[in-house]
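A short worksheet on the structure shown next.
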Amino acid sequence: MMVRLRRRASALIAMALAISGLALVSDATAQAVTTIADVQGASHLSPLAGQSVTGVLGIVTARRTAGGRGFWIQDPAPDEEPATSEGVFVFLNAAPAAQIGDLVSVNGTVGEFRAAGDPDNLTITQISSSNANVSIVSSGNQVPAATVLGVGGRMPPTETIDDDGAGNVETGGTFEPAGDAIDFYESLEGMRVRVNDGAVVGATRSFGEITLLPDDGDWATGLRTPRGGILLGGYDDPNPERIIVDDEILRDLAPAPRPAKAMPDMNVGDALTAPVVGPLDYSFSNFKIQATSTPTFMSGGLVRETTAANTDRQVSVATFNVENLAGTDPQAKFDQLASLIVDHLQAPDILAIEEVQDNDGVTGGTGSTVVDASVSWSRLIQAIEDADGPAYQYRQIDPVDDEDGGAPGGNIRVGFLIRTDRDVEFIDRAGGGPTIETTVVPHLSGPRLSASPGRIGTASSAFDDTRKSLVGEFRARGKKLFVVVNHFSSKGDDQPLFGPAQPPTRFTEVARHGQAEVVHDFVAALLEEDSGANVIVLGDINDFEFSETVDILEADGALHSLVKDLAANERYSYVFEGNSQVLDQILFSANLVDRFPHVYDVVHVNSEFADAIQASDHEPSVVRLDLRRSG
């Protein structure tokens with residue numbers, strides 16, 4: 001069958017060339033002509049990589065005139081083998097002369113391009129050529145029809161990215177487009193694809209990408225959120241039916257100067273009003289449709305949530321990652337954060353803050369040794385007052401320069417904001433410092449901290465190059481509270497879902513497990529002194545509610561993550577590549593869970609909205625706690 005298909009394709013090529021006056025030497029030569037499917041092969045790597053090819057025929061379907069300049073071509077006479085793509089990118093390193101609709105014959109060298117040499121990127125099969133080695137056979141041809149992703153076309157796998165366990169999909173395993181999503185998309189690499197009735201599950205990012213579910217997500221198996229997203233419910237189903245749409249071609253088509261972004265601002269819950277069509281590309285560890293026309297959409301009317309106000313009997317405790325807030329940031333960022341804190345979080349009594357930078361912000365390479373963040377904190381407090389909010393005071397400990405991770409020179413840290421007009425008091429105990437480990441001190445009136453505020457994790461290698469946790473002692477409504485704010489290690493160095501390594505390794509969770517053990521042991525020490533101690537552990541845990549990190553925090557009943565008490569489809573505080581997921585959490589000790597009524601709320605104000613209107617990429621969460629009565 002394959003030989004017959006190849007002969008049919010070669011015959012069509014010969015006919016096209018003959019019409020153009022470029023007849024082939026013989027029928028034997030015609031049968032030897034390389035097709036795009038030959039170049040792509042039924043695998044992640046081309047069987048012809050490193051070889052010269054001649055007479056590769058295809059119709060130009062899209063052009064790149066900036067960056068990696070060249071064009072995509074697609075075979076007008078495809079074979080019947082779905083595992084072999086019928087499209088390929090021709091890299092010219094120059095603005096292409098050929099236009100969309102041109103039937104071209106390409107001579108060049110087959111290669112596998114891995115962006116930036118990054119081992120977390122799959123390669124892109126391409127033909128390296130030049131305008132001089134591209135012959136235009138005819139012009140004005142209709143481009144091949146786009147392959148529909150979804151109903152009426154090819155259905156992507158909805159749960160499995162790869163189940164071969166081969167370690168690396170480029171060098172091992174079985175190529176199974178029908179069952180493995182990473183192979184499914186590879187089998188369409190370079191081809192025109194189409195998404196109908198796209199539902200936005202990942203808002204427009206600053207670099208011009210959105211994430212969609214085809215067919216309004218009707219056949220998606222992931223749990224949909226009430227606000228239109230799709231939930232990452234476990235490691236076994238990362239929702240591979242999501243597809244990213246990029247704007248590189250749209251930026252090329254925009255009037256000069258080339259804009260940084262050409263994708264319209266869309267929020268989660270918006271719906272596209274026309275199909276998205278373009279060649280299937282790959283970059284930054286994801287398959288992407290490079291849209292050839294600007295998407296049009298209808299707003300889903302998403303609005304920022306507002307949590308309920310405290311009653312007189314409640315104390316509210318919240319956590320908020322303010323995304324690298326520096327003393328040098330524009331006033332607009334401080335004002336936006338203040339508005340969210342006052343108008344949407346209802347000005348919590350105790351607010352744990354993550355990612356406050358020092359006064360001069362990121363200064364990588366300049367040799368700055370500034371660690372003081374008094375300007376960063378003071379500007380935020382003033383912005384809250386200017387937004388008709390209450391007066392706050394802050395507590396924190398400056399880190400050692402460049403030892404807590406984050407952006408080089410930024411010196412991010414965690415800390416507390418405390419309202420000064422409520423029955424909430426921060427208990428200051430001297431002795432804390434950036435390298436001093438806080439301990440639990442027995443006392444007749446109950447356990448105390450050796451320092452408040454004090455750092456946790458200063459003596460643990462698990463906290464190397466990571467923000468140390470901060471504990472504070474509070475008195476609220478006559479009850480003592482111990483509050484630990486955390487910002488555990490980022491997931492940034494984990495292997496990606498759609499990278500060569502399958503299954504991907506979550507390298508960074510090793511550090512988080514160690515950090516969780518340190519915090520758990522500290523809480524256990526408090527509970528050993530007083531089994532009824534009121535302990536709150538909160539912040540950017542940087543891990544899912546179903547993760548081992550949280551299992552360690554909750555071990556032996558020391559703590560309970562309140563996000564688990566929400567309805568399953570509401571358990572998220574962050575959206576990453578279209579997956580709604582949990583990173584930020586509030587955990588209670590058993591006494592608080594069992595004896596005091598409380599209401600927990602994730603307040604969706606950031607991650608579902610386009611970058612242009614974001615102040616942070618995390619959602620704050622808040623718990624309202626009635627400490628005046630038990631049971």
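Residue numbering restarts at 1 in every chain; chains get A, B, ... in the order shown in the structure tokens, and ligands count up from 1 in that same order.
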Identify all residues of stretch 321-551 of chain A in helix (DSSP H, G or I) (DSSP on the backbone) and supply them as a compact mmCIF listing (two decimals) with all heavy atoms, in the first residue's frame.
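Contents of states.txt, as written:
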# COMPACT_ATOMS: atom_id res chain seq x y z
N GLN A 331 3.74 53.00 40.43
CA GLN A 331 2.66 53.18 41.40
C GLN A 331 1.42 52.39 41.01
O GLN A 331 0.66 51.93 41.89
CB GLN A 331 2.32 54.66 41.54
CG GLN A 331 1.33 54.98 42.64
CD GLN A 331 1.83 54.56 44.02
OE1 GLN A 331 3.02 54.70 44.32
NE2 GLN A 331 0.94 54.06 44.86
N ALA A 332 1.23 52.19 39.71
CA ALA A 332 0.04 51.47 39.25
C ALA A 332 -0.03 50.06 39.83
O ALA A 332 -1.12 49.55 40.14
CB ALA A 332 0.02 51.41 37.72
N LYS A 333 1.11 49.40 39.99
CA LYS A 333 1.08 48.06 40.56
C LYS A 333 0.68 48.11 42.03
O LYS A 333 -0.14 47.29 42.49
CB LYS A 333 2.43 47.36 40.40
CG LYS A 333 2.45 45.98 41.04
CD LYS A 333 3.56 45.09 40.60
CE LYS A 333 3.42 43.71 41.24
NZ LYS A 333 4.41 42.73 40.77
N PHE A 334 1.25 49.03 42.78
CA PHE A 334 0.87 49.16 44.18
C PHE A 334 -0.62 49.48 44.31
O PHE A 334 -1.31 48.92 45.18
CB PHE A 334 1.71 50.26 44.86
CG PHE A 334 3.12 49.86 45.14
CD1 PHE A 334 4.13 50.15 44.24
CD2 PHE A 334 3.45 49.19 46.30
CE1 PHE A 334 5.45 49.79 44.50
CE2 PHE A 334 4.76 48.81 46.57
CZ PHE A 334 5.76 49.12 45.66
N ASP A 335 -1.12 50.36 43.45
CA ASP A 335 -2.53 50.73 43.51
C ASP A 335 -3.44 49.54 43.18
O ASP A 335 -4.49 49.37 43.82
CB ASP A 335 -2.81 51.88 42.54
CG ASP A 335 -2.15 53.19 42.97
OD1 ASP A 335 -1.75 53.29 44.15
OD2 ASP A 335 -2.02 54.09 42.12
N GLN A 336 -3.04 48.75 42.20
CA GLN A 336 -3.85 47.60 41.83
C GLN A 336 -3.87 46.58 42.96
O GLN A 336 -4.93 46.04 43.31
CB GLN A 336 -3.32 46.96 40.54
CG GLN A 336 -4.05 45.71 40.09
CD GLN A 336 -5.44 45.97 39.55
OE1 GLN A 336 -5.96 47.08 39.66
NE2 GLN A 336 -6.06 44.95 38.99
N LEU A 337 -2.72 46.31 43.55
CA LEU A 337 -2.67 45.37 44.68
C LEU A 337 -3.52 45.90 45.84
O LEU A 337 -4.25 45.13 46.49
CB LEU A 337 -1.23 45.16 45.12
CG LEU A 337 -0.34 44.35 44.19
CD1 LEU A 337 1.11 44.41 44.64
CD2 LEU A 337 -0.81 42.89 44.12
N ALA A 338 -3.42 47.19 46.10
CA ALA A 338 -4.19 47.77 47.19
C ALA A 338 -5.68 47.62 46.95
O ALA A 338 -6.46 47.30 47.87
CB ALA A 338 -3.83 49.24 47.36
N SER A 339 -6.11 47.85 45.71
CA SER A 339 -7.52 47.69 45.38
C SER A 339 -7.99 46.26 45.60
O SER A 339 -9.08 46.02 46.14
CB SER A 339 -7.76 48.11 43.92
OG SER A 339 -9.09 47.83 43.54
N LEU A 340 -7.16 45.30 45.21
CA LEU A 340 -7.53 43.90 45.42
C LEU A 340 -7.63 43.57 46.91
O LEU A 340 -8.54 42.86 47.35
CB LEU A 340 -6.52 42.98 44.74
CG LEU A 340 -6.44 43.07 43.22
CD1 LEU A 340 -5.35 42.14 42.68
CD2 LEU A 340 -7.77 42.74 42.57
N ILE A 341 -6.68 44.10 47.70
CA ILE A 341 -6.68 43.82 49.13
C ILE A 341 -7.88 44.46 49.82
O ILE A 341 -8.55 43.83 50.65
CB ILE A 341 -5.35 44.31 49.76
CG1 ILE A 341 -4.20 43.42 49.28
CG2 ILE A 341 -5.43 44.32 51.28
CD1 ILE A 341 -2.82 43.98 49.60
N VAL A 342 -8.18 45.71 49.48
CA VAL A 342 -9.26 46.43 50.15
C VAL A 342 -10.63 46.02 49.63
O VAL A 342 -11.55 45.71 50.40
CB VAL A 342 -9.06 47.95 49.99
CG1 VAL A 342 -10.26 48.72 50.54
CG2 VAL A 342 -7.78 48.40 50.66
N ASP A 343 -10.78 46.00 48.31
CA ASP A 343 -12.11 45.83 47.71
C ASP A 343 -12.50 44.37 47.51
O ASP A 343 -13.69 44.05 47.50
CB ASP A 343 -12.17 46.55 46.36
CG ASP A 343 -11.92 48.05 46.49
OD1 ASP A 343 -12.31 48.62 47.53
OD2 ASP A 343 -11.33 48.63 45.56
N HIS A 344 -11.52 43.50 47.32
CA HIS A 344 -11.85 42.11 47.00
C HIS A 344 -11.52 41.14 48.12
O HIS A 344 -12.23 40.15 48.31
CB HIS A 344 -11.14 41.70 45.72
CG HIS A 344 -11.58 42.48 44.52
ND1 HIS A 344 -12.63 42.09 43.72
CD2 HIS A 344 -11.13 43.65 44.01
CE1 HIS A 344 -12.81 42.98 42.76
NE2 HIS A 344 -11.92 43.94 42.91
N SER A 374 12.07 48.15 53.22
CA SER A 374 11.16 49.05 53.92
C SER A 374 10.35 49.91 52.95
O SER A 374 9.17 50.21 53.21
CB SER A 374 11.95 49.95 54.89
OG SER A 374 12.96 50.67 54.21
N VAL A 375 10.96 50.30 51.83
CA VAL A 375 10.22 51.10 50.84
C VAL A 375 9.12 50.27 50.19
O VAL A 375 7.99 50.74 50.00
CB VAL A 375 11.19 51.66 49.78
CG1 VAL A 375 10.41 52.35 48.66
CG2 VAL A 375 12.17 52.64 50.41
N SER A 376 9.42 49.03 49.87
CA SER A 376 8.43 48.14 49.24
C SER A 376 7.22 47.97 50.16
O SER A 376 6.07 48.12 49.72
CB SER A 376 9.06 46.77 48.96
OG SER A 376 10.25 46.89 48.22
N TRP A 377 7.47 47.69 51.44
CA TRP A 377 6.37 47.51 52.39
C TRP A 377 5.63 48.82 52.62
O TRP A 377 4.38 48.84 52.63
CB TRP A 377 6.91 46.99 53.72
CG TRP A 377 7.38 45.57 53.71
CD1 TRP A 377 8.66 45.12 53.73
CD2 TRP A 377 6.55 44.40 53.68
NE1 TRP A 377 8.70 43.75 53.71
CE2 TRP A 377 7.41 43.27 53.69
CE3 TRP A 377 5.18 44.18 53.66
CZ2 TRP A 377 6.95 41.96 53.67
CZ3 TRP A 377 4.70 42.87 53.64
CH2 TRP A 377 5.57 41.78 53.65
N SER A 378 6.34 49.90 52.81
CA SER A 378 5.70 51.18 53.12
C SER A 378 4.83 51.67 51.98
O SER A 378 3.74 52.22 52.20
CB SER A 378 6.76 52.22 53.47
OG SER A 378 7.49 51.83 54.62
N ARG A 379 5.31 51.50 50.75
CA ARG A 379 4.50 51.93 49.61
C ARG A 379 3.22 51.12 49.49
O ARG A 379 2.15 51.66 49.15
CB ARG A 379 5.31 51.82 48.31
CG ARG A 379 6.42 52.85 48.16
CD ARG A 379 7.05 52.77 46.78
NE ARG A 379 6.11 53.14 45.72
CZ ARG A 379 6.34 52.94 44.42
NH1 ARG A 379 7.48 52.38 44.04
NH2 ARG A 379 5.45 53.32 43.53
N LEU A 380 3.29 49.81 49.79
CA LEU A 380 2.08 49.00 49.75
C LEU A 380 1.10 49.42 50.84
O LEU A 380 -0.11 49.56 50.59
CB LEU A 380 2.44 47.52 49.90
CG LEU A 380 1.26 46.53 49.89
CD1 LEU A 380 0.45 46.65 48.61
CD2 LEU A 380 1.76 45.10 50.08
N ILE A 381 1.60 49.65 52.04
CA ILE A 381 0.74 50.08 53.14
C ILE A 381 0.09 51.42 52.83
O ILE A 381 -1.12 51.63 53.08
CB ILE A 381 1.56 50.13 54.45
CG1 ILE A 381 1.88 48.71 54.92
CG2 ILE A 381 0.81 50.90 55.54
CD1 ILE A 381 2.86 48.64 56.07
N GLN A 382 0.87 52.35 52.26
CA GLN A 382 0.32 53.66 51.92
C GLN A 382 -0.73 53.54 50.82
O GLN A 382 -1.77 54.22 50.85
CB GLN A 382 1.44 54.60 51.48
CG GLN A 382 0.97 56.03 51.22
CD GLN A 382 0.37 56.67 52.46
OE1 GLN A 382 1.01 56.68 53.51
NE2 GLN A 382 -0.86 57.19 52.35
N ALA A 383 -0.49 52.68 49.83
CA ALA A 383 -1.46 52.49 48.74
C ALA A 383 -2.78 51.93 49.28
O ALA A 383 -3.86 52.30 48.80
CB ALA A 383 -0.88 51.56 47.69
N ILE A 384 -2.69 51.07 50.27
CA ILE A 384 -3.91 50.53 50.89
C ILE A 384 -4.69 51.65 51.58
O ILE A 384 -5.92 51.75 51.44
CB ILE A 384 -3.54 49.41 51.89
CG1 ILE A 384 -3.02 48.19 51.13
CG2 ILE A 384 -4.76 49.02 52.73
CD1 ILE A 384 -2.43 47.10 52.03
N GLU A 385 -4.01 52.49 52.30
CA GLU A 385 -4.68 53.62 52.95
C GLU A 385 -5.28 54.56 51.92
O GLU A 385 -6.40 55.07 52.10
CB GLU A 385 -3.71 54.36 53.87
CG GLU A 385 -3.26 53.54 55.07
CD GLU A 385 -2.43 54.36 56.05
OE1 GLU A 385 -2.62 55.60 56.12
OE2 GLU A 385 -1.59 53.76 56.74
N ASP A 386 -4.56 54.81 50.83
CA ASP A 386 -5.06 55.69 49.77
C ASP A 386 -6.28 55.10 49.07
O ASP A 386 -7.05 55.84 48.45
CB ASP A 386 -3.96 55.96 48.75
CG ASP A 386 -2.82 56.82 49.31
OD1 ASP A 386 -3.02 57.45 50.37
OD2 ASP A 386 -1.74 56.84 48.69
N SER A 461 19.39 22.29 54.57
CA SER A 461 19.82 22.39 53.17
C SER A 461 18.63 22.42 52.22
O SER A 461 18.76 22.85 51.08
CB SER A 461 20.74 21.22 52.83
OG SER A 461 20.07 19.98 52.99
N ALA A 462 17.47 21.95 52.68
CA ALA A 462 16.27 21.99 51.83
C ALA A 462 15.88 23.41 51.47
O ALA A 462 15.22 23.65 50.45
CB ALA A 462 15.10 21.30 52.54
N PHE A 463 16.31 24.37 52.30
CA PHE A 463 15.98 25.77 52.06
C PHE A 463 17.11 26.54 51.38
O PHE A 463 17.05 27.77 51.28
CB PHE A 463 15.61 26.46 53.37
CG PHE A 463 14.21 26.20 53.84
CD1 PHE A 463 13.92 25.12 54.64
CD2 PHE A 463 13.17 27.04 53.46
CE1 PHE A 463 12.63 24.87 55.08
CE2 PHE A 463 11.87 26.80 53.89
CZ PHE A 463 11.59 25.72 54.70
N GLU A 509 10.41 18.90 43.51
CA GLU A 509 9.63 18.48 44.67
C GLU A 509 10.51 17.90 45.78
O GLU A 509 10.08 17.85 46.93
CB GLU A 509 8.53 17.50 44.26
CG GLU A 509 9.00 16.15 43.80
CD GLU A 509 7.83 15.26 43.37
OE1 GLU A 509 6.69 15.78 43.28
OE2 GLU A 509 8.05 14.07 43.13
N VAL A 510 11.72 17.49 45.44
CA VAL A 510 12.63 16.99 46.47
C VAL A 510 12.88 18.08 47.50
O VAL A 510 12.83 17.85 48.72
CB VAL A 510 13.95 16.51 45.85
CG1 VAL A 510 14.94 16.11 46.94
CG2 VAL A 510 13.71 15.34 44.91
N ALA A 511 13.17 19.29 47.04
CA ALA A 511 13.38 20.41 47.96
C ALA A 511 12.11 20.73 48.73
O ALA A 511 12.15 20.98 49.96
CB ALA A 511 13.85 21.64 47.19
N ARG A 512 10.96 20.74 48.07
CA ARG A 512 9.70 21.06 48.77
C ARG A 512 9.38 20.01 49.83
O ARG A 512 8.83 20.33 50.89
CB ARG A 512 8.55 21.19 47.78
CG ARG A 512 8.61 22.47 46.95
CD ARG A 512 7.32 22.72 46.19
NE ARG A 512 7.03 21.67 45.24
CZ ARG A 512 7.56 21.58 44.03
NH1 ARG A 512 8.42 22.50 43.62
NH2 ARG A 512 7.24 20.59 43.20
N HIS A 513 9.70 18.75 49.54
CA HIS A 513 9.47 17.73 50.55
C HIS A 513 10.31 18.02 51.80
O HIS A 513 9.82 17.91 52.93
CB HIS A 513 9.83 16.34 50.00
CG HIS A 513 8.94 15.90 48.89
ND1 HIS A 513 9.21 14.79 48.10
CD2 HIS A 513 7.76 16.40 48.42
CE1 HIS A 513 8.26 14.64 47.20
NE2 HIS A 513 7.37 15.60 47.38
N GLY A 514 11.57 18.41 51.59
CA GLY A 514 12.41 18.75 52.73
C GLY A 514 11.90 19.97 53.47
O GLY A 514 11.93 20.03 54.71
N GLN A 515 11.43 20.96 52.73
CA GLN A 515 10.89 22.16 53.35
C GLN A 515 9.63 21.85 54.15
O GLN A 515 9.45 22.36 55.26
CB GLN A 515 10.62 23.21 52.28
CG GLN A 515 11.90 23.74 51.63
CD GLN A 515 11.69 24.27 50.22
OE1 GLN A 515 10.58 24.58 49.80
NE2 GLN A 515 12.78 24.37 49.47
N ALA A 516 8.78 21.00 53.57
CA ALA A 516 7.56 20.60 54.27
C ALA A 516 7.89 19.85 55.56
O ALA A 516 7.20 20.02 56.59
CB ALA A 516 6.69 19.74 53.36
N GLU A 517 8.93 19.02 55.52
CA GLU A 517 9.33 18.30 56.73
C GLU A 517 9.77 19.26 57.83
O GLU A 517 9.43 19.08 59.01
CB GLU A 517 10.45 17.32 56.40
CG GLU A 517 10.00 16.11 55.60
CD GLU A 517 11.16 15.22 55.18
OE1 GLU A 517 12.32 15.56 55.51
OE2 GLU A 517 10.90 14.20 54.53
N VAL A 518 10.53 20.29 57.46
CA VAL A 518 10.99 21.27 58.45
C VAL A 518 9.80 21.98 59.08
O VAL A 518 9.72 22.14 60.31
CB VAL A 518 11.97 22.27 57.81
CG1 VAL A 518 12.26 23.43 58.76
CG2 VAL A 518 13.26 21.58 57.39
N VAL A 519 8.87 22.44 58.25
CA VAL A 519 7.71 23.16 58.77
C VAL A 519 6.83 22.22 59.59
O VAL A 519 6.34 22.59 60.68
CB VAL A 519 6.92 23.80 57.61
CG1 VAL A 519 5.60 24.39 58.11
CG2 VAL A 519 7.75 24.88 56.92
N HIS A 520 6.63 20.99 59.10
CA HIS A 520 5.83 20.02 59.85
C HIS A 520 6.44 19.78 61.22
O HIS A 520 5.74 19.74 62.25
CB HIS A 520 5.72 18.71 59.08
CG HIS A 520 5.09 17.60 59.89
ND1 HIS A 520 5.82 16.78 60.72
CD2 HIS A 520 3.80 17.22 60.01
CE1 HIS A 520 5.01 15.92 61.31
NE2 HIS A 520 3.78 16.18 60.90
N ASP A 521 7.76 19.60 61.27
CA ASP A 521 8.42 19.31 62.55
C ASP A 521 8.31 20.49 63.51
O ASP A 521 8.19 20.30 64.74
CB ASP A 521 9.87 18.94 62.32
CG ASP A 521 10.04 17.59 61.63
OD1 ASP A 521 9.03 16.85 61.52
OD2 ASP A 521 11.16 17.28 61.18
N PHE A 522 8.34 21.70 62.96
CA PHE A 522 8.17 22.87 63.81
C PHE A 522 6.77 22.90 64.39
O PHE A 522 6.58 23.15 65.60
CB PHE A 522 8.45 24.14 63.01
CG PHE A 522 8.32 25.39 63.82
CD1 PHE A 522 9.38 25.84 64.58
CD2 PHE A 522 7.13 26.10 63.85
CE1 PHE A 522 9.27 26.99 65.36
CE2 PHE A 522 7.00 27.25 64.62
CZ PHE A 522 8.08 27.69 65.38
N VAL A 523 5.77 22.64 63.56
CA VAL A 523 4.39 22.59 64.05
C VAL A 523 4.24 21.48 65.09
O VAL A 523 3.58 21.65 66.12
CB VAL A 523 3.41 22.41 62.88
CG1 VAL A 523 1.99 22.19 63.39
CG2 VAL A 523 3.46 23.60 61.94
N ALA A 524 4.86 20.33 64.82
CA ALA A 524 4.78 19.21 65.76
C ALA A 524 5.36 19.58 67.11
O ALA A 524 4.85 19.17 68.18
CB ALA A 524 5.49 18.00 65.18
N ALA A 525 6.44 20.39 67.09
CA ALA A 525 7.05 20.83 68.34
C ALA A 525 6.08 21.73 69.12
O ALA A 525 5.99 21.65 70.36
CB ALA A 525 8.36 21.56 68.06
N LEU A 526 5.36 22.59 68.44
CA LEU A 526 4.34 23.42 69.09
C LEU A 526 3.24 22.54 69.69
O LEU A 526 2.82 22.74 70.84
CB LEU A 526 3.73 24.40 68.09
CG LEU A 526 4.51 25.67 67.76
CD1 LEU A 526 3.90 26.37 66.56
CD2 LEU A 526 4.53 26.61 68.97
N LEU A 527 2.78 21.56 68.91
CA LEU A 527 1.69 20.70 69.37
C LEU A 527 2.13 19.78 70.49
O LEU A 527 1.30 19.36 71.31
CB LEU A 527 1.13 19.91 68.19
CG LEU A 527 0.50 20.73 67.06
CD1 LEU A 527 0.06 19.84 65.93
CD2 LEU A 527 -0.66 21.56 67.58
N GLU A 528 3.40 19.45 70.53
CA GLU A 528 3.90 18.62 71.62
C GLU A 528 3.82 19.38 72.94
O GLU A 528 3.54 18.81 74.00
CB GLU A 528 5.34 18.19 71.33
CG GLU A 528 5.89 17.21 72.36
CD GLU A 528 7.27 16.71 72.00
OE1 GLU A 528 7.74 17.01 70.88
OE2 GLU A 528 7.87 16.00 72.83
N GLU A 529 4.07 20.68 72.87
CA GLU A 529 3.96 21.50 74.06
C GLU A 529 2.51 21.79 74.42
O GLU A 529 2.17 21.92 75.59
CB GLU A 529 4.72 22.82 73.86
CG GLU A 529 6.22 22.68 73.81
CD GLU A 529 6.79 22.18 75.13
OE1 GLU A 529 6.26 22.57 76.21
OE2 GLU A 529 7.74 21.38 75.09
N GLU A 548 2.73 15.02 47.42
CA GLU A 548 3.42 14.50 48.59
C GLU A 548 3.85 15.61 49.52
O GLU A 548 3.93 15.43 50.74
CB GLU A 548 4.63 13.67 48.15
CG GLU A 548 5.33 12.95 49.30
CD GLU A 548 6.48 12.08 48.86
OE1 GLU A 548 6.58 11.78 47.64
OE2 GLU A 548 7.28 11.69 49.73
N THR A 549 4.13 16.79 48.96
CA THR A 549 4.47 17.94 49.79
C THR A 549 3.40 18.21 50.83
O THR A 549 3.67 18.40 52.02
CB THR A 549 4.68 19.19 48.92
OG1 THR A 549 5.71 18.94 47.96
CG2 THR A 549 5.06 20.40 49.76
N VAL A 550 2.15 18.21 50.39
CA VAL A 550 1.04 18.46 51.32
C VAL A 550 0.83 17.27 52.24
O VAL A 550 0.50 17.43 53.42
CB VAL A 550 -0.24 18.82 50.53
CG1 VAL A 550 -1.44 18.95 51.46
CG2 VAL A 550 -0.02 20.13 49.77
N ASP A 551 1.04 16.06 51.72
CA ASP A 551 0.95 14.87 52.60
C ASP A 551 1.91 15.00 53.78
O ASP A 551 1.58 14.64 54.92
CB ASP A 551 1.27 13.60 51.82
CG ASP A 551 0.21 13.23 50.80
OD1 ASP A 551 -0.92 13.77 50.91
OD2 ASP A 551 0.51 12.42 49.90
**Item:** Contact residues around stretch 622-624 of chain A with only C-alpha atoms at 9 Å, ignoring same-chain residues under 2 positions, as a list in words
**Value:**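 The neighbour list is Thr307, Ala308, Ala309, Asn310, Thr311, Gln314, Val315, Ser316, Val317, Ala318, Thr319, Phe320, Leu345, Pro348, Leu351, Leu562, Ile586, Pro597, His598, Val599, Tyr600, Asp601, Val602, Val603, Pro620 and Asp626 of chain A.
With only C-alpha atoms as the atoms that count, the minimum distance from A:Val268 to the choices A:Leu223, A:Ile100, A:Ala256, A:Leu212 is reached by A:Leu212.
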**Message:** Report, in Å to a single decimal, how far apart atom CA of A:Pro119 and atom CA of A:Val201 are.
**Reply:**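 That distance, rounded to one decimal, is 27.6 Å.
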**Request:** Have a look at A:Gly108, A:Gly431, A:Gly208, A:Pro399 and name the one nearest to A:Ser128; count only C-alpha atoms.
**Result:** A:Gly108
**Prompt:** Which of these, A:Asn534, A:Asn196, A:Ser573, A:Asn542, has the shortest distance to A:Arg595 once you count only C-alpha atoms?
**Reply:**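 Smallest separation from A:Arg595 among the options: A:Asn534.
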**Request:** Do a neighbour search on A:Ile536 at 8 Å with only C-alpha atoms, toss out local chain neighbours closer than 6 positions, and write the hits as an MDAnalysis selection string.
**Result:** chainID A and resid 481:484 586:589
**Message:** Just want the 7 Å neighbourhood of A:Ile456, counted on only C-alpha atoms, with same-chain residues fewer than 2 positions away dropped. Output as number ranges by chain.
**Reply:** A: 437-438, 454, 458, 468-470
**Exercise: stretch 236-251 of chain A partners within 8 Å, only C-alpha atoms, chain neighbours under 3 positions left out, as a PyMOL selection string** = chain A and resi 63-64+156-161+181+208-214+220-222+230+232-233+254+258-263+286-294+497+577-579
**Counting only C-alpha atoms, the option among A:Asn133, A:Glu80, A:Gly269, A:Asn411 closest to A:Thr225** =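 Closest to A:Thr225 of all the choices is A:Gly269.
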**Message:** One decimal, in Å: what's the spacing between atom CA of A:Leu592 and atom CA of A:Gln346?
**Reply:**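 Result for atom CA of A:Leu592 versus atom CA of A:Gln346: 21.8 Å, one decimal.
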**Request:** Can you pull out every residue within 8 Å of A:Ile397, counting only C-alpha atoms, but drop anything in the same chain fewer than 5 positions away, and send it as number ranges by chain?
**Result:** A: 413, 415, 432-434, 453-455
**Asked** If you count only C-alpha atoms, which residues fall within 8 Å of A:Ser85, apart from same-chain ones fewer than 4 positions away, as JSON, numbers by chain?
**Response** {"A": [36, 37, 40, 41, 42, 186, 187, 188, 189, 190, 191]}
Using only N, CA and C atoms, please write the residues we just selected to a file, as a short mmCIF file (atom, residue, chain, number, x, y, z; two decimals), in the first residue's frame.
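The result, written out as out.cif:
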data_model
loop_
_atom_site.label_atom_id
_atom_site.label_comp_id
_atom_site.auth_asym_id
_atom_site.auth_seq_id
_atom_site.Cartn_x
_atom_site.Cartn_y
_atom_site.Cartn_z
N ILE A 36 7.15 14.99 1.74
CA ILE A 36 7.17 15.53 3.09
C ILE A 36 7.00 14.42 4.11
N ALA A 37 6.13 13.46 3.82
CA ALA A 37 5.93 12.34 4.74
C ALA A 37 7.22 11.54 4.93
N GLN A 40 9.27 13.58 7.38
CA GLN A 40 8.77 13.54 8.75
C GLN A 40 8.90 12.15 9.38
N GLY A 41 8.52 11.12 8.63
CA GLY A 41 8.56 9.78 9.18
C GLY A 41 7.55 9.60 10.31
N ALA A 42 7.34 8.36 10.71
CA ALA A 42 6.41 8.04 11.79
C ALA A 42 7.17 7.98 13.11
N GLU A 186 2.77 15.34 17.37
CA GLU A 186 3.94 15.19 16.51
C GLU A 186 3.54 14.74 15.11
N SER A 187 2.50 13.90 15.02
CA SER A 187 2.06 13.40 13.71
C SER A 187 1.41 14.48 12.86
N LEU A 188 1.16 15.65 13.48
CA LEU A 188 0.58 16.79 12.76
C LEU A 188 1.55 17.96 12.66
N GLU A 189 2.78 17.76 13.09
CA GLU A 189 3.77 18.84 13.10
C GLU A 189 3.90 19.49 11.71
N GLY A 190 3.77 20.80 11.69
CA GLY A 190 3.92 21.54 10.44
C GLY A 190 2.68 21.60 9.58
N MET A 191 1.65 20.82 9.90
CA MET A 191 0.42 20.82 9.09
C MET A 191 -0.53 21.92 9.54
#
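The smallest atom-to-atom distance between A:Arg304 and any of A:Thr439, A:Ser452, A:Asn267, A:Ser368, using only C-alpha atoms, is found for A:Asn267.
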